[in-house]
Amino acid sequence: MSASLVRATVRAVNKRKLFPTRAALTLTPAAVSKIRLLLQDKPEYIGLKVGVRTRGCNGLTYTLEYTKEKEKSDEEVLQDGVRVFIEKKAQLTLLGTEMDFVESKLSSEFIFNNPNIKGMCGCGESFNI
């Protein structure tokens, strides 16, 4: 059983060129630092799991959860000592995506800069591919 983490926002990326990488998901240094901080007091968890659920006004939304083990169909992204697992259902939607962490006076959240998004809702929480 895993616990929900924090809120995640989606951004469509169309003006910036993302170059293909080997990993389905790349993490910014801010995301790596935040994940490391979230996991440091939770030795029973080995990383975060990213998934997608049908929800919101535009179809899909990302989920983030702590995970204790890698499922057989999960894809593992290991970057700078941080492990992020991608559920099978989310793997194609995340190809080429950059995961960032942004803090402002009003919010702190993971941001998925995804070049595959065709549309998203006004609040930025749901998207379609």
# chains A, B, ... in the order shown; residues from 1 in each chain; ligands from 1
>>> residues_around(residues="Glu44 (chain A)", least_positions_apart="3", cutoff="10 Å", atoms="only C-alpha atoms", output="PyMOL selection string")
chain A and resi 39-41+47+66-69
>>> write_last_selection(atoms="C-alpha atoms", output="PDB file, in the first residue's frame")
ATOM      1  CA  LEU A  39      12.620   9.843   1.055  1.00  0.00           C
ATOM      2  CA  GLN A  40      15.318  10.557   3.638  1.00  0.00           C
ATOM      3  CA  ASP A  41      13.038   9.941   6.645  1.00  0.00           C
ATOM      4  CA  GLY A  47      11.511   5.587  -4.473  1.00  0.00           C
ATOM      5  CA  TYR A  66       5.864   6.324  -2.404  1.00  0.00           C
ATOM      6  CA  THR A  67       6.758   2.752  -3.337  1.00  0.00           C
ATOM      7  CA  LYS A  68       8.314  -0.097  -1.392  1.00  0.00           C
ATOM      8  CA  GLU A  69       9.082  -2.337  -4.364  1.00  0.00           C
TER       9      GLU A  69
END
>>> residues_around(residues="Val77 (chain A)", least_positions_apart="5", cutoff="8 Å", atoms="only C-alpha atoms", output="PyMOL selection string")
chain A and resi 23-26+83-86
>>> residues_around(residues="Asp80 (chain A)", least_positions_apart="4", cutoff="12 Å", atoms="only C-alpha atoms", output="PyMOL selection string")
chain A and resi 26-33+35-36+84
>>> write_last_selection(atoms="N, CA, C and O atoms", output="compact mmCIF listing (two decimals), in the first residue's frame")
# COMPACT_ATOMS: atom_id res chain seq x y z
N THR A 26 13.25 12.40 -17.46
CA THR A 26 14.46 13.00 -16.91
C THR A 26 14.06 13.90 -15.74
O THR A 26 12.97 14.48 -15.75
N LEU A 27 14.93 13.98 -14.77
CA LEU A 27 14.66 14.77 -13.57
C LEU A 27 15.58 15.98 -13.53
O LEU A 27 16.77 15.86 -13.82
N THR A 28 15.03 17.11 -13.17
CA THR A 28 15.87 18.30 -12.99
C THR A 28 16.57 18.17 -11.63
O THR A 28 16.14 17.39 -10.77
N PRO A 29 17.64 18.94 -11.41
CA PRO A 29 18.30 18.91 -10.10
C PRO A 29 17.34 19.26 -8.95
O PRO A 29 17.44 18.69 -7.86
N ALA A 30 16.38 20.17 -9.18
CA ALA A 30 15.40 20.52 -8.14
C ALA A 30 14.52 19.32 -7.80
O ALA A 30 14.21 19.08 -6.63
N ALA A 31 14.11 18.55 -8.81
CA ALA A 31 13.28 17.36 -8.57
C ALA A 31 14.08 16.29 -7.83
O ALA A 31 13.56 15.67 -6.90
N VAL A 32 15.32 16.09 -8.22
CA VAL A 32 16.18 15.12 -7.54
C VAL A 32 16.33 15.49 -6.07
O VAL A 32 16.19 14.64 -5.18
N SER A 33 16.59 16.75 -5.80
CA SER A 33 16.76 17.21 -4.41
C SER A 33 15.49 17.00 -3.59
O SER A 33 15.55 16.55 -2.45
N ILE A 35 12.95 14.87 -4.16
CA ILE A 35 12.68 13.44 -3.98
C ILE A 35 13.60 12.88 -2.90
O ILE A 35 13.16 12.13 -2.02
N ARG A 36 14.86 13.25 -2.95
CA ARG A 36 15.82 12.80 -1.93
C ARG A 36 15.36 13.25 -0.53
O ARG A 36 15.40 12.49 0.42
N VAL A 84 12.92 6.57 -9.56
CA VAL A 84 11.53 6.87 -9.89
C VAL A 84 11.03 5.72 -10.76
O VAL A 84 11.69 5.34 -11.72
>>> atom_distance(atom1="CA of Val82 (chain A)", atom2="CA of Ile111 (chain A)")
16.9 Å
